[in-house]
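Some notes on the structure that comes next.
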Amino acid sequence: MDSLGVVIAFYVLSAITIVSAASIFLLRNLVHAIVLLVVVFLGMAGLFLTLSADFIAVAQILIYAGAISVLFVFAVMLTPLASRDNGNSLYAGPGLLLGGAIAAIVVVTAFDVEWNQLTGVALEQRSFTDTIEVIGNQLLGPHVLAFEVASVLLLFALLGAIVLVTDPNNEDGAAAEEEAGKDTAVGGSE
Amino acid sequence: MTVDLAHYLAVSGIIFGIGVAIALSKRNVVAVLMGIELMLNASNLAFLAFSRFSGAFQDGTEPLAGHTFVVFVLTVAAAEAAVALAMAVLIYRRRETVDLDRISVLRW
């Protein structure tokens with residue numbers, strides 16, 4: 001990882017990611033915080049690219065920046081009467097202290113430990129051109145059981161989300177639609 | 001000037017710390033979930049950094065195991081976000097708020 005482009009990309013992307021993540025803590029508007037969360041996810045995808053993880057970077061953009069951020073926006077929009085501010089609770093002090101302590105410990109440890117890591121020529125030889133084929137073989141080879149469990153987990157998450165948000169008093173589709181219309185009307189008049 | 005494992009681990013640790021701070025100190029459920037997503041993302045970065053730099057495995061014995069693990073983390077994170085946000089909407093329907101300070105039914 002000696003090439004100048006990778007070094008510059010690493011520092012620029014790290015700065016973007018860390019500043020955006022810190023801004024999520026500082027911003028007062030929840031919707032602005034979600035936009036910055038997307039910036040963090042995109043910066044992370046760039047960092048993954050500098051680690052030669054092309055498939056994971058694209059999956060990160062698709063799943064995190066595309067889908068999960070939309071879920072967050074939905075969650076904010078579906079709670080129109082709740083407060084939109086991004087305020088702190090009573091635990092802000094201890095939370096900041098603990099987060100800062102964890103970050104400091106990890107940073108100090110990371111630079112202090114003599115990692116068993118590849119450098120120079122050995123690292124260049126580690127370079128791979130195609131990660132997707134290897135990941136696919138891993139998923140359907142040695143880790144096939146975990147792969148199947150993950151699919152079951154996704155199915156249950158899907159069913160669970162649907163069951164949770166379905167209003168039991170309001171099974172009829174038309175009535176639910178009317179209710180939704182009323183909700184948006186209330187939200188609009190707010 | 002080179003970038004090696006320690007740099008990536010430092011960035012990962014900082015993001016994780018920010019995620020912990022957000023998850024512990026925000027009042028809104030959605031903001032807390034954002035902190036949790038940040039923590040998961042930081043762990044992904046650490047996994048990928050180790051997968052790229054670590055000399056613990058000979059080439060070919062454990063090809064891209066870190067990448068495979070990250071795929072599972074992505075899956076679990078997506079499922080967790082969907083269910084947790086559905087629960088937030090459910091709580092809002094019952095109590096008209098998503099502030100954790102005011103969701104205190106189970107408090108002693």
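By convention in this document, the chains of the structure tokens carry letters A, B, ... by their order, each chain's residues are numbered from 1, and ligands are numbered from 1 in the order they are shown.
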* Asked: Residues at most 10 Å from Thr2 (chain B), counting only C-alpha atoms, excluding those fewer than 2 positions away in the same chain, as a ChimeraX atom specification?
  -> /A:1-4,6-8,119-120 /B:4,7
Deliver the residues from the most recent selection as a file, using C-alpha atoms, as a tab-separated table (two decimals), in the first residue's frame.
```tsv
chain	number	residue	atom	x	y	z
A	1	MET	CA	0.00	0.00	0.00
A	2	ASP	CA	2.79	2.39	-0.83
A	3	SER	CA	1.32	3.98	-3.91
A	4	LEU	CA	0.53	7.64	-3.45
A	6	VAL	CA	-4.03	4.77	-2.19
A	7	VAL	CA	-2.48	6.80	0.63
A	8	ILE	CA	-4.24	9.99	-0.42
A	119	THR	CA	4.25	-5.67	3.84
A	120	GLY	CA	5.92	-4.73	0.59
B	4	ASP	CA	-0.93	-0.30	6.90
B	7	HIS	CA	-4.19	2.98	10.25
```
* To do: Skip region 22-32 of chain A itself and residues of its chain fewer than 3 positions away, then list as number ranges by chain all residues within 10 Å of it, counting only C-alpha atoms.
  => A: 17-19, 35-37, 40, 72-73, 76-77, 83-88, 96; B: 14-15, 17-19, 21-23, 25-26, 28, 30-31, 34-35
Since we have the selection now, will you write its residues out, keeping C-alpha atoms, as a PDB file, in the first residue's frame?
```pdb
ATOM      1  CA  THR A  17     -16.051   9.349   7.228  1.00  0.00           C
ATOM      2  CA  ILE A  18     -14.935  10.445  10.679  1.00  0.00           C
ATOM      3  CA  VAL A  19     -16.105  14.053  10.295  1.00  0.00           C
ATOM      4  CA  VAL A  35     -28.133  12.287   5.137  1.00  0.00           C
ATOM      5  CA  LEU A  36     -24.763  12.353   6.893  1.00  0.00           C
ATOM      6  CA  LEU A  37     -25.174   8.661   7.738  1.00  0.00           C
ATOM      7  CA  VAL A  40     -20.504   7.795   6.226  1.00  0.00           C
ATOM      8  CA  PHE A  72     -34.353   5.170   8.336  1.00  0.00           C
ATOM      9  CA  VAL A  73     -36.112   7.866   6.321  1.00  0.00           C
ATOM     10  CA  VAL A  76     -38.769   9.133  10.572  1.00  0.00           C
ATOM     11  CA  MET A  77     -41.610   9.833   8.150  1.00  0.00           C
ATOM     12  CA  SER A  83     -40.015  14.984  17.850  1.00  0.00           C
ATOM     13  CA  ARG A  84     -37.582  15.421  14.981  1.00  0.00           C
ATOM     14  CA  ASP A  85     -34.721  16.688  17.053  1.00  0.00           C
ATOM     15  CA  ASN A  86     -31.590  14.699  17.632  1.00  0.00           C
ATOM     16  CA  GLY A  87     -31.272  15.593  21.286  1.00  0.00           C
ATOM     17  CA  ASN A  88     -29.192  13.894  23.920  1.00  0.00           C
ATOM     18  CA  LEU A  96     -19.285  10.298  25.215  1.00  0.00           C
TER      19      LEU A  96
ATOM     20  CA  ILE B  14     -12.746   5.876  16.044  1.00  0.00           C
ATOM     21  CA  ILE B  15     -15.922   5.133  14.075  1.00  0.00           C
ATOM     22  CA  GLY B  17     -16.340   4.913  19.476  1.00  0.00           C
ATOM     23  CA  ILE B  18     -18.538   7.493  17.783  1.00  0.00           C
ATOM     24  CA  GLY B  19     -21.170   4.789  17.269  1.00  0.00           C
ATOM     25  CA  ALA B  21     -21.399   7.497  21.964  1.00  0.00           C
ATOM     26  CA  ILE B  22     -24.369   8.013  19.642  1.00  0.00           C
ATOM     27  CA  ALA B  23     -26.109   4.792  20.678  1.00  0.00           C
ATOM     28  CA  SER B  25     -26.563   9.229  24.440  1.00  0.00           C
ATOM     29  CA  LYS B  26     -29.258   9.914  21.842  1.00  0.00           C
ATOM     30  CA  ASN B  28     -34.524   9.219  19.614  1.00  0.00           C
ATOM     31  CA  VAL B  30     -33.847   6.160  15.126  1.00  0.00           C
ATOM     32  CA  ALA B  31     -30.676   7.973  16.192  1.00  0.00           C
ATOM     33  CA  MET B  34     -27.858   4.909  13.521  1.00  0.00           C
ATOM     34  CA  GLY B  35     -25.210   4.501  16.199  1.00  0.00           C
TER      35      GLY B  35
END
```
* Calculate how many Å separate CA of Met87 (chain B) from CA of Thr79 (chain A), rounding to one decimal. => 11.6 Å
* Asked: Near Ala78 (chain B), within 8 Å and counting only C-alpha atoms, which residues show up once chain neighbours fewer than 2 positions away are dropped, as a VMD selection string?
  -> (chain A and resid 63 to 64 68) or (chain B and resid 74 to 76 80 to 82)
Export of the given selection (C-alpha atoms) as a PDB file, in the first residue's frame:
```pdb
ATOM      1  CA  ILE A  63     -27.524  -2.352   1.095  1.00  0.00           C
ATOM      2  CA  TYR A  64     -26.462   0.437   3.431  1.00  0.00           C
ATOM      3  CA  ILE A  68     -31.050   0.870   5.090  1.00  0.00           C
TER       4      ILE A  68
ATOM      5  CA  LEU B  74     -24.299  -7.104   6.231  1.00  0.00           C
ATOM      6  CA  THR B  75     -27.170  -9.615   6.248  1.00  0.00           C
ATOM      7  CA  VAL B  76     -27.667  -9.457   9.996  1.00  0.00           C
ATOM      8  CA  GLU B  80     -31.792  -5.955  12.507  1.00  0.00           C
ATOM      9  CA  ALA B  81     -32.497  -2.541  10.988  1.00  0.00           C
ATOM     10  CA  ALA B  82     -35.769  -3.719   9.437  1.00  0.00           C
TER      11      ALA B  82
END
```
* CA of Asn44 (chain B) to CA of Leu159 (chain A), distance in Å rounded to a single decimal -> 26.4 Å
* Per DSSP on the backbone, filter chain B down to the residues in helix (DSSP H, G or I) and report them as a PyMOL selection string. => chain B and resi 5-25+29-53+65-95+100-102
* Do me a favour and pick out the residues of chain A within 6 Å of chain B, using only C-alpha atoms, as number ranges by chain. => A: 1-2, 25, 75, 82, 87-89, 91-92, 95-96, 99-100, 102-103, 106-107, 110-111, 116-118, 135, 154, 157, 161, 165
Those same residues, written as a compact mmCIF listing (two decimals), in the first residue's frame with N, CA and C atoms?
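part.txt, freshly written:
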```txt
# COMPACT_ATOMS: atom_id res chain seq x y z
N MET A 1 0.84 -1.19 0.00
CA MET A 1 0.00 0.00 0.00
C MET A 1 0.88 1.24 0.00
N ASP A 2 1.89 1.26 -0.83
CA ASP A 2 2.79 2.39 -0.83
C ASP A 2 2.43 3.43 -1.88
N PHE A 25 -23.48 12.99 15.55
CA PHE A 25 -23.67 13.26 16.97
C PHE A 25 -24.05 14.71 17.22
N ALA A 75 -38.73 5.37 8.73
CA ALA A 75 -39.02 5.36 10.16
C ALA A 75 -39.27 6.77 10.67
N ALA A 82 -43.87 12.54 16.39
CA ALA A 82 -42.75 12.47 17.33
C ALA A 82 -41.78 13.60 17.04
N GLY A 87 -31.80 15.18 19.99
CA GLY A 87 -31.27 15.59 21.29
C GLY A 87 -30.62 14.47 22.06
N ASN A 88 -29.88 14.87 23.07
CA ASN A 88 -29.19 13.89 23.92
C ASN A 88 -30.04 13.59 25.14
N SER A 89 -29.86 12.40 25.68
CA SER A 89 -30.53 12.06 26.91
C SER A 89 -29.58 12.37 28.07
N TYR A 91 -27.73 10.43 29.50
CA TYR A 91 -26.51 9.61 29.45
C TYR A 91 -25.49 10.15 28.47
N ALA A 92 -25.65 11.40 28.01
CA ALA A 92 -24.74 11.93 27.00
C ALA A 92 -23.30 11.98 27.53
N GLY A 95 -21.92 8.43 27.94
CA GLY A 95 -21.82 7.85 26.61
C GLY A 95 -20.62 8.38 25.85
N LEU A 96 -20.45 9.71 25.89
CA LEU A 96 -19.29 10.30 25.22
C LEU A 96 -17.99 9.79 25.83
N GLY A 99 -17.46 6.13 24.72
CA GLY A 99 -17.09 6.08 23.30
C GLY A 99 -15.67 6.57 23.08
N GLY A 100 -15.34 7.70 23.72
CA GLY A 100 -13.98 8.22 23.59
C GLY A 100 -12.96 7.27 24.14
N ILE A 102 -13.19 3.96 24.35
CA ILE A 102 -13.05 2.82 23.44
C ILE A 102 -12.20 3.21 22.24
N ALA A 103 -12.51 4.38 21.65
CA ALA A 103 -11.75 4.83 20.49
C ALA A 103 -10.28 5.00 20.84
N VAL A 106 -8.54 1.58 21.32
CA VAL A 106 -8.32 0.87 20.06
C VAL A 106 -7.21 1.52 19.25
N VAL A 107 -7.20 2.86 19.20
CA VAL A 107 -6.18 3.55 18.40
C VAL A 107 -4.80 3.29 18.98
N ALA A 110 -3.82 -0.28 18.38
CA ALA A 110 -3.54 -0.58 16.97
C ALA A 110 -2.14 -0.14 16.58
N PHE A 111 -1.71 1.00 17.11
CA PHE A 111 -0.38 1.48 16.73
C PHE A 111 0.72 0.88 17.59
N ASN A 116 1.12 -9.21 12.99
CA ASN A 116 1.68 -10.16 12.04
C ASN A 116 1.10 -9.84 10.68
N GLN A 117 1.67 -8.82 10.03
CA GLN A 117 1.06 -8.36 8.79
C GLN A 117 2.06 -8.42 7.64
N LEU A 118 1.50 -8.54 6.46
CA LEU A 118 2.31 -8.58 5.25
C LEU A 118 2.66 -7.16 4.85
N ILE A 135 -15.50 -15.44 -2.90
CA ILE A 135 -16.55 -15.30 -1.88
C ILE A 135 -17.70 -16.27 -2.17
N LEU A 154 -33.22 -13.76 7.25
CA LEU A 154 -33.79 -12.69 6.43
C LEU A 154 -35.29 -12.89 6.26
N ALA A 157 -36.97 -11.92 9.44
CA ALA A 157 -36.96 -10.47 9.61
C ALA A 157 -38.03 -9.83 8.76
N ALA A 161 -41.12 -7.92 10.46
CA ALA A 161 -41.39 -6.50 10.22
C ALA A 161 -42.83 -6.31 9.75
N VAL A 165 -45.84 -4.27 12.03
CA VAL A 165 -46.45 -2.99 11.67
C VAL A 165 -47.86 -3.15 11.15
```
